[in-house]
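So this block is model-v1.cif, mmCIF, C-alpha atoms:
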data_structure
#
loop_
_atom_site.label_atom_id
_atom_site.label_comp_id
_atom_site.auth_asym_id
_atom_site.auth_seq_id
_atom_site.Cartn_x
_atom_site.Cartn_y
_atom_site.Cartn_z
CA MET A 1 152.84 102.29 131.71
CA SER A 2 152.17 100.96 128.24
CA THR A 3 148.74 101.48 126.69
CA GLN A 4 147.39 100.25 123.39
CA SER A 5 145.86 102.28 120.63
CA PRO A 6 142.35 103.64 121.33
CA PHE A 7 140.96 102.05 118.16
CA PRO A 8 140.07 98.66 119.71
CA PHE A 9 138.35 100.44 122.61
CA LEU A 10 136.31 102.63 120.24
CA GLU A 11 135.39 99.63 118.12
CA GLY A 12 134.24 97.68 121.20
CA LEU A 13 132.20 100.67 122.31
CA LEU A 14 130.52 100.94 118.91
CA GLN A 15 129.65 97.24 118.92
CA LYS A 16 128.00 97.56 122.36
CA LEU A 17 125.75 100.44 121.32
CA PRO A 18 122.16 99.34 120.71
CA LEU A 19 122.04 100.41 117.07
CA PRO A 20 119.04 99.28 115.05
CA GLN A 21 119.76 96.71 112.37
CA ILE A 22 118.88 98.71 109.29
CA GLN A 23 118.24 96.50 106.30
CA PRO A 24 118.16 98.28 102.94
CA PRO A 25 115.29 97.39 100.62
CA ALA A 26 115.89 94.48 98.21
CA TRP A 27 115.71 96.73 95.15
CA ALA A 28 118.51 98.96 96.55
CA VAL A 29 120.72 95.95 97.30
CA ASN A 30 120.10 94.56 93.81
CA GLU A 31 120.90 97.91 92.18
CA ALA A 32 124.10 98.31 94.23
CA GLN A 33 125.19 94.80 93.21
CA ARG A 34 124.50 95.54 89.54
CA ARG A 35 126.56 98.75 89.77
CA LEU A 36 129.41 96.80 91.36
CA VAL A 37 129.28 94.23 88.53
CA LEU A 38 129.41 97.07 85.97
CA LEU A 39 132.47 98.52 87.67
CA LEU A 40 134.20 95.12 87.86
CA ASN A 41 133.47 94.45 84.19
CA HIS A 42 134.77 97.89 83.24
CA VAL A 43 138.06 97.10 84.99
CA LEU A 44 138.23 93.58 83.52
CA MET A 45 137.70 94.88 79.96
CA GLN A 46 140.93 96.86 80.27
CA GLU A 47 142.90 93.62 80.79
CA PRO A 48 142.54 91.02 77.99
CA GLU A 49 144.40 88.32 79.97
CA ALA A 50 141.91 88.68 82.83
CA MET A 51 139.00 88.23 80.43
CA ALA A 52 140.64 85.15 78.90
CA ARG A 53 141.11 83.61 82.34
CA LEU A 54 137.49 84.28 83.29
CA ALA A 55 136.24 82.92 79.96
CA ARG A 56 137.90 79.59 80.81
CA GLN A 57 135.80 79.55 84.00
CA LYS A 58 132.49 80.25 82.21
CA ASN A 59 129.33 79.48 84.18
CA GLN A 60 131.31 79.06 87.42
CA VAL A 61 129.62 80.81 90.34
CA MET A 62 131.42 82.67 93.13
CA LEU A 63 129.72 83.62 96.37
CA VAL A 64 131.29 86.61 98.12
CA GLN A 65 130.14 87.28 101.68
CA TRP A 66 130.91 89.49 104.64
CA ARG A 67 128.73 89.66 107.73
CA ILE A 68 125.12 89.96 106.46
CA PHE A 69 126.17 91.08 102.99
CA SER A 70 126.59 88.60 100.15
CA PHE A 71 126.26 88.30 96.41
CA LYS A 72 126.88 85.71 93.74
CA LEU A 73 128.89 86.36 90.61
CA GLN A 74 128.96 84.13 87.55
CA ALA A 75 131.73 84.07 84.95
CA THR A 76 130.33 84.59 81.46
CA PRO A 77 131.62 83.05 78.21
CA ALA A 78 132.80 86.56 77.23
CA GLY A 79 135.18 86.63 80.21
CA LEU A 80 133.15 89.09 82.24
CA LEU A 81 130.98 88.80 85.34
CA ASP A 82 127.24 88.74 85.87
CA LEU A 83 125.03 88.38 88.91
CA ALA A 84 124.03 84.78 89.49
CA SER A 85 120.57 83.86 90.72
CA ALA A 86 120.15 83.18 94.41
CA GLU A 87 119.21 79.55 93.70
CA THR A 88 122.41 78.77 91.75
CA PRO A 89 124.85 76.77 93.89
CA ALA A 90 128.25 78.39 94.35
CA ASP A 91 131.37 76.67 93.04
CA LEU A 92 133.55 78.93 95.20
CA VAL A 93 132.71 80.62 98.49
CA MET A 94 134.86 83.54 99.63
CA THR A 95 134.13 84.86 103.12
CA LEU A 96 135.84 87.89 104.63
CA THR A 97 136.75 86.62 108.09
CA ASP A 98 137.29 89.97 109.79
CA GLU A 99 133.92 91.09 111.13
CA SER A 100 135.07 94.59 112.03
CA PRO A 101 134.57 97.38 109.47
CA LEU A 102 137.23 99.42 111.29
CA SER A 103 139.81 96.62 111.06
CA LEU A 104 139.04 96.15 107.36
CA ALA A 105 139.46 99.88 106.73
CA GLN A 106 142.74 99.95 108.66
CA ALA A 107 144.11 96.95 106.73
CA THR A 108 143.07 98.51 103.42
CA LEU A 109 144.74 101.80 104.32
CA ARG A 110 147.92 99.87 105.18
CA GLY A 111 147.75 98.30 101.72
CA GLU A 112 147.04 94.82 103.06
CA LYS A 113 144.53 92.32 101.73
CA PRO A 114 141.75 91.27 104.09
CA ALA A 115 141.75 87.74 105.47
CA VAL A 116 139.47 85.51 103.39
CA ARG A 117 138.25 81.95 104.00
CA ILE A 118 137.98 80.11 100.70
CA GLU A 119 135.94 76.96 100.08
CA GLY A 120 135.30 75.17 96.82
CA ASP A 121 136.85 74.87 93.37
CA VAL A 122 140.65 75.18 93.62
CA GLN A 123 141.18 76.20 89.98
CA LEU A 124 138.55 78.93 90.20
CA ALA A 125 140.14 80.15 93.45
CA ALA A 126 143.53 80.32 91.71
CA GLU A 127 142.05 82.37 88.86
CA VAL A 128 140.33 84.76 91.28
CA ASN A 129 143.63 85.12 93.17
CA TRP A 130 145.40 85.95 89.88
CA LEU A 131 142.77 88.59 89.14
CA VAL A 132 143.19 90.16 92.58
CA GLU A 133 146.98 90.18 92.22
CA HIS A 134 147.24 91.49 88.64
CA VAL A 135 144.20 93.55 87.66
CA ARG A 136 144.22 97.21 88.68
CA TRP A 137 141.80 99.99 87.90
CA ASP A 138 143.46 102.94 86.17
CA MET A 139 141.20 105.59 87.67
CA GLU A 140 143.37 108.42 86.36
CA ASP A 141 142.88 107.24 82.77
CA ASP A 142 139.10 107.00 83.21
CA LEU A 143 138.97 110.40 84.87
CA ALA A 144 141.09 111.91 82.06
CA ARG A 145 138.43 110.90 79.53
CA VAL A 146 135.93 113.04 81.42
CA ILE A 147 137.88 116.07 82.66
CA GLY A 148 141.15 116.00 80.70
CA ASP A 149 144.69 114.79 81.33
CA VAL A 150 146.07 117.57 83.52
CA PRO A 151 143.16 117.83 86.00
CA ALA A 152 142.97 114.02 86.19
CA HIS A 153 146.69 113.77 86.92
CA THR A 154 146.43 116.49 89.58
CA LEU A 155 143.47 114.79 91.29
CA SER A 156 145.21 111.41 91.12
CA LYS A 157 148.36 112.87 92.69
CA MET A 158 146.28 114.46 95.47
CA ALA A 159 144.49 111.16 96.14
CA THR A 160 147.81 109.30 96.27
CA THR A 161 149.21 111.83 98.74
CA LEU A 162 146.10 111.56 100.89
CA ALA A 163 146.25 107.75 100.89
CA THR A 164 149.94 107.80 101.84
CA SER A 165 149.24 110.25 104.66
CA LEU A 166 146.38 108.10 105.95
CA ARG A 167 148.59 104.97 105.88
CA GLU A 168 151.30 106.79 107.86
CA PHE A 169 148.74 108.08 110.36
CA MET A 170 147.25 104.61 110.84
CA ALA A 171 150.71 103.12 111.36
CA LYS A 172 151.51 105.73 114.01
CA ALA A 173 148.09 105.37 115.65
CA ALA A 174 148.52 101.59 115.91
CA THR A 175 151.76 102.05 117.87
CA PHE A 176 150.62 105.07 119.89
CA VAL A 177 151.43 104.93 123.61
CA PRO A 178 149.82 107.73 125.69
CA GLY A 179 152.21 109.59 127.96
CA LYS A 180 155.28 108.92 125.81
CA SER A 181 156.71 111.56 123.56
CA SER A 182 157.37 110.56 119.96
CA VAL A 183 159.86 113.40 119.45
#
Would you write the structure of this file as structure tokens?
Amino acid sequence: MSTQSPFPFLEGLLQKLPLPQIQPPAWAVNEAQRRLVLLLNHVLMQEPEAMARLARQKNQVMLVQWRIFSFKLQATPAGLLDLASAETPADLVMTLTDESPLSLAQATLRGEKPAVRIEGDVQLAAEVNWLVEHVRWDMEDDLARVIGDVPAHTLSKMATTLATSLREFMAKAATFVPGKSSV
């Protein structure tokens, strides 16, 4: 008898639980969005080509949304990002189509990109796609500035090993069939 992974069952169970819809206060959402913009700009500043591409899209507004969460980003003339006002119409709307946090986490651990529905400016969408494909955060380099090269390298290596192990575990869990030996 073939059985599927328990993850879809657990996810369905979690969705059926009567959990209260907790809405964080507006100030906390705004602060989290500002911190995210700071992080994105920090990463963008390490890649001059990314900044040049964003500068060409100055004043263009991107709406990013998933479930009840959304925020608007605006390209600045400096080639960075800023939060756009809620009233500003979006030139590009990017919606994560997978509603399940568990599915998104599994896809991320497998190294896959989430499914996104894109509406709006084609050129802006192409630039955003280029950014996603080519810009990477060098966390080890940033960490080395704070704690030194050797500890940063060691922590980075440990994180890479953990991520690889999690990917392997998720791959095995997705194909798990109870009652069959995998030896």
Between A:Leu143, A:Glu168, A:Val135, A:Glu127, which has the minimum distance to Ser156 of chain A (counting all atoms listed in the file)?
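Closest residue, counting all atoms listed in the file: A:Leu143.
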So which one's closest to Ala90 of chain A, A:Asp141, A:Glu112, A:Asp121, A:Glu47? Using all atoms listed in the file, please.
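Closest residue, counting all atoms listed in the file: A:Asp121.
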Just to confirm, what's the straight-line distance from atom CA of Ala86 of chain A to atom CA of Ser70 of chain A in Å (one decimal)?
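These atoms are spaced 10.2 Å apart.
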Could you check the closest approach to Phe169 of chain A for each of A:Trp130, A:Val37, A:Gln106, A:Ala115 and tell me which residue wins, using only C-alpha atoms?
A:Gln106
Using only C-alpha atoms, the best pick from A:Gln33, A:Leu92, A:Leu63, A:Lys72 as closest to Val122 of chain A would be A:Leu92
